[in-house]
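For reference, final.pdb (PDB, C-alpha atoms):
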```
ATOM      1  CA  LEU A   4     155.438 183.920 118.068
ATOM      2  CA  ASP A   5     158.431 184.430 115.786
ATOM      3  CA  LEU A   6     161.735 186.165 116.199
ATOM      4  CA  VAL A   7     163.881 187.226 113.279
ATOM      5  CA  GLU A   8     167.629 187.764 113.413
ATOM      6  CA  SER A   9     169.540 189.887 110.921
ATOM      7  CA  GLY A  10     173.000 191.362 110.495
ATOM      8  CA  GLY A  11     175.077 188.246 110.099
ATOM      9  CA  GLY A  12     177.648 187.897 107.357
ATOM     10  CA  LEU A  13     181.322 187.596 106.527
ATOM     11  CA  VAL A  14     183.835 189.817 108.256
ATOM     12  CA  GLN A  15     187.590 189.803 108.617
ATOM     13  CA  SER A  16     189.184 188.887 111.904
ATOM     14  CA  GLY A  17     189.193 191.968 114.096
ATOM     15  CA  GLY A  18     186.162 193.389 112.371
ATOM     16  CA  SER A  19     182.679 194.126 113.667
ATOM     17  CA  LEU A  20     179.099 193.112 113.041
ATOM     18  CA  ARG A  21     175.854 194.160 114.668
ATOM     19  CA  LEU A  22     173.146 191.560 114.943
ATOM     20  CA  SER A  23     169.507 192.533 115.381
ATOM     21  CA  CYS A  24     166.646 190.557 116.836
ATOM     22  CA  ALA A  25     163.066 191.604 116.290
ATOM     23  CA  PRO A  26     159.790 189.767 116.792
ATOM     24  CA  SER A  27     157.280 189.499 114.029
ATOM     25  CA  GLU A  28     154.236 190.351 116.096
ATOM     26  CA  PHE A  29     154.733 190.753 119.820
ATOM     27  CA  PRO A  30     156.338 193.383 122.044
ATOM     28  CA  LEU A  31     159.870 192.478 123.076
ATOM     29  CA  SER A  32     159.690 194.699 126.142
ATOM     30  CA  TYR A  33     157.963 191.954 128.132
ATOM     31  CA  TYR A  34     160.791 189.454 127.620
ATOM     32  CA  ALA A  35     164.370 188.825 128.537
ATOM     33  CA  ILE A  36     166.331 188.300 125.330
ATOM     34  CA  MET A  37     169.204 185.874 124.951
ATOM     35  CA  TRP A  38     171.728 185.355 122.198
ATOM     36  CA  PHE A  39     173.034 181.833 121.655
ATOM     37  CA  ARG A  40     175.468 180.508 119.090
ATOM     38  CA  GLN A  41     176.277 177.105 117.732
ATOM     39  CA  ALA A  42     179.242 176.170 115.584
ATOM     40  CA  PRO A  43     179.410 172.899 113.628
ATOM     41  CA  GLY A  44     180.290 170.003 115.899
ATOM     42  CA  LYS A  45     179.994 172.115 119.044
ATOM     43  CA  GLU A  46     177.366 172.493 121.691
ATOM     44  CA  ARG A  47     175.113 175.499 121.731
ATOM     45  CA  GLU A  48     176.571 178.293 123.847
ATOM     46  CA  GLY A  49     174.758 181.061 125.648
ATOM     47  CA  VAL A  50     176.519 184.235 124.539
ATOM     48  CA  SER A  51     174.645 187.086 126.190
ATOM     49  CA  CYS A  52     171.333 188.259 127.576
ATOM     50  CA  ILE A  53     169.527 191.435 128.513
ATOM     51  CA  GLY A  54     166.693 191.726 130.985
ATOM     52  CA  THR A  55     163.435 193.574 130.551
ATOM     53  CA  ASP A  56     164.816 196.506 132.522
ATOM     54  CA  GLY A  57     167.659 196.917 130.035
ATOM     55  CA  LYS A  58     170.127 196.991 132.913
ATOM     56  CA  SER A  59     170.597 193.334 133.698
ATOM     57  CA  THR A  60     173.064 191.778 131.274
ATOM     58  CA  ASP A  61     175.173 188.646 131.186
ATOM     59  CA  TYR A  62     178.054 187.652 128.921
ATOM     60  CA  ALA A  63     180.030 184.513 128.304
ATOM     61  CA  ASP A  64     183.676 184.895 129.312
ATOM     62  CA  SER A  65     184.692 184.288 125.706
ATOM     63  CA  VAL A  66     182.965 187.491 124.542
ATOM     64  CA  LYS A  67     183.274 189.828 127.515
ATOM     65  CA  GLY A  68     184.779 193.146 126.504
ATOM     66  CA  ARG A  69     184.093 192.497 122.813
ATOM     67  CA  PHE A  70     180.325 192.035 122.551
ATOM     68  CA  THR A  71     177.668 194.447 123.808
ATOM     69  CA  ILE A  72     173.985 193.691 124.075
ATOM     70  CA  SER A  73     171.377 196.442 124.096
ATOM     71  CA  ARG A  74     167.675 196.877 123.550
ATOM     72  CA  ASP A  75     165.540 199.606 122.058
ATOM     73  CA  ASN A  76     161.996 198.922 123.157
ATOM     74  CA  ALA A  77     160.701 201.829 121.047
ATOM     75  CA  LYS A  78     162.019 200.004 117.979
ATOM     76  CA  ASN A  79     161.111 196.616 119.427
ATOM     77  CA  THR A  80     164.623 195.399 118.705
ATOM     78  CA  VAL A  81     167.549 193.909 120.590
ATOM     79  CA  TYR A  82     171.070 194.313 119.276
ATOM     80  CA  LEU A  83     174.289 192.400 119.726
ATOM     81  CA  GLN A  84     177.267 194.555 118.796
ATOM     82  CA  MET A  85     180.218 192.281 118.092
ATOM     83  CA  ASP A  86     183.628 193.922 117.922
ATOM     84  CA  ASN A  87     187.100 192.468 117.492
ATOM     85  CA  LEU A  88     185.673 189.284 116.032
ATOM     86  CA  LYS A  89     187.968 186.311 116.324
ATOM     87  CA  PRO A  90     188.389 183.036 114.425
ATOM     88  CA  GLU A  91     186.582 181.220 117.266
ATOM     89  CA  ASP A  92     183.422 183.349 116.902
ATOM     90  CA  PRO A  93     181.937 181.915 113.672
ATOM     91  CA  ALA A  94     178.642 180.178 114.284
ATOM     92  CA  VAL A  95     174.950 180.440 113.681
ATOM     93  CA  TYR A  96     173.703 183.042 116.120
ATOM     94  CA  TYR A  97     170.192 182.721 117.493
ATOM     95  CA  CYS A  98     168.132 185.105 119.560
ATOM     96  CA  ALA A  99     165.583 183.805 122.000
ATOM     97  CA  ALA A 100     162.953 185.386 124.212
ATOM     98  CA  GLY A 101     161.791 184.214 127.594
ATOM     99  CA  PRO A 102     160.670 185.271 131.042
ATOM    100  CA  GLY A 103     163.163 186.849 133.371
ATOM    101  CA  LEU A 104     165.508 184.827 135.511
ATOM    102  CA  GLY A 105     162.955 184.551 138.283
ATOM    103  CA  GLY A 106     159.959 184.212 135.968
ATOM    104  CA  ALA A 107     157.623 186.670 134.335
ATOM    105  CA  GLY A 108     158.075 190.176 135.674
ATOM    106  CA  ASP A 109     161.647 189.616 136.833
ATOM    107  CA  GLY A 110     163.941 192.156 135.163
ATOM    108  CA  ARG A 111     167.023 189.961 135.505
ATOM    109  CA  CYS A 112     168.302 187.541 132.908
ATOM    110  CA  SER A 113     170.692 184.669 132.386
ATOM    111  CA  ARG A 114     172.423 183.897 129.107
ATOM    112  CA  HIS A 115     171.384 180.280 129.670
ATOM    113  CA  GLY A 116     167.681 181.033 129.595
ATOM    114  CA  PRO A 117     164.887 180.195 130.217
ATOM    115  CA  SER A 118     163.808 180.730 126.639
ATOM    116  CA  ASP A 119     160.416 180.133 125.075
ATOM    117  CA  TYR A 120     160.689 181.601 121.572
ATOM    118  CA  TRP A 121     163.500 181.337 119.048
ATOM    119  CA  GLY A 122     164.552 182.801 115.754
ATOM    120  CA  PRO A 123     165.897 180.747 112.827
ATOM    121  CA  GLY A 124     169.433 182.073 113.283
ATOM    122  CA  THR A 125     171.897 184.136 111.285
ATOM    123  CA  GLN A 126     175.314 182.972 110.135
ATOM    124  CA  VAL A 127     178.444 184.784 111.248
ATOM    125  CA  THR A 128     181.664 183.962 109.430
ATOM    126  CA  VAL A 129     185.086 185.360 110.283
ATOM    127  CA  SER A 130     187.956 185.202 107.830
ATOM    128  CA  SER A 131     191.536 185.270 109.013
TER     129      SER A 131
END
```

Produce structure tokens that represent the structure in this file.
Amino acid sequence: LDLVESGGGLVQSGGSLRLSCAPSEFPLSYYAIMWFRQAPGKEREGVSCIGTDGKSTDYADSVKGRFTISRDNAKNTVYLQMDNLKPEDPAVYYCAAGPGLGGAGDGRCSRHGPSDYWGPGTQVTVSS
């Protein structure tokens, strides 16, 4: 089961990007979706998540108020809108799918997982 991220690229500091996450062959609606990022030399960080109900969300303190996660089950896609990008945001961003916080059927999520399926990542670069 594959996930594919898109929307990464180069943007100036203060600019915006919207990342998309879509599976190749399974319905996203059954899964909580997480966004992680990893910069060179740093540990992987859970950035955000959205539960199957579309209401449960979680954000890292470093992105609260700047990033917004959403899902469109009709389009089988999850989005991460990133506004006011800062020099500390560059990283490879990965989306991951997993059961809800309390297991399958739980609409809640945690940005830390659990996660079962991953995409290959998309690079985000911010120029100052």

Note to self: Counting all atoms listed in the file, I want the residues whose atoms come within 12 Å of (156.6, 186.0, 120.0) in the file frame, returned as a list in words.
What the structure shows: Leu4, Asp5, Leu6, Val7, Cys24, Ala25, Pro26, Ser27, Glu28, Phe29, Pro30, Leu31, Ser32, Tyr33, Tyr34, Ala35, Ile36, Asn79, Cys98, Ala99, Ala100, Gly101, Pro102, Ser118, Asp119, Tyr120, Trp121 and Gly122 of chain A

Margin query: Expand the PyMOL selection byres ((chain A and resi 129) around 12) into the explicit residue set it covers here, and present it as a count of residues only.
Written below: 26

Next item on the list: For Gly105 in chain A, list every protein, DNA or RNA residue within 12 Å, evaluated using all atoms listed in the file, and leave out those in the same chain fewer than 3 positions away; present the list as a ChimeraX atom specification.
Entry: /A:34-35,54-55,101-102,108-113,116-117

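What the PyMOL selection byres ((chain A and resi 47) around 12) grabs from this file is Trp38, Phe39, Arg40, Gln41, Ala42, Pro43, Gly44, Lys45, Glu46, Glu48, Gly49, Val50, Ala94, Val95, Tyr96, Tyr97, Arg114 and His115 of chain A.
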
Margin query: Would you compute the distance between CA of Pro123 in chain A and CA of Asp56 in chain A? Give it in Å to one decimal.
Written below: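 CA of Asp56 in chain A lies 25.2 Å from CA of Pro123 in chain A.
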
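Computed from the coordinates, the CA of Val66 in chain A to CA of Val81 in chain A distance equals 17.2 Å.
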
Could you give me the axis-aligned bounding box of range 13-20 of chain A, with 4 Å of padding per side, as centre plus edge lengths in Å to one decimal, as lines of an AutoDock Vina configuration file?
```
center_x = 184.1
center_y = 190.9
center_z = 110.3
size_x = 18.1
size_y = 14.5
size_z = 15.6
```

Check: Interatomic distance between CA of Gly103 in chain A and CA of Leu22 in chain A?
Finding: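 Here the two named atoms are 21.5 Å from each other.
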
Margin query: Once the PyMOL selection byres ((chain A and resi 83) around 7) has been evaluated on this model, what residues remain selected, and can you format them as a PyMOL selection string?
Written below: chain A and resi 21-23+70-73+81-82+84-85

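With all atoms listed in the file as the atoms that count, the residue of A:Gly106, A:Thr80, A:Arg74, A:Glu8 with the shortest distance to Lys58 in chain A is A:Arg74.
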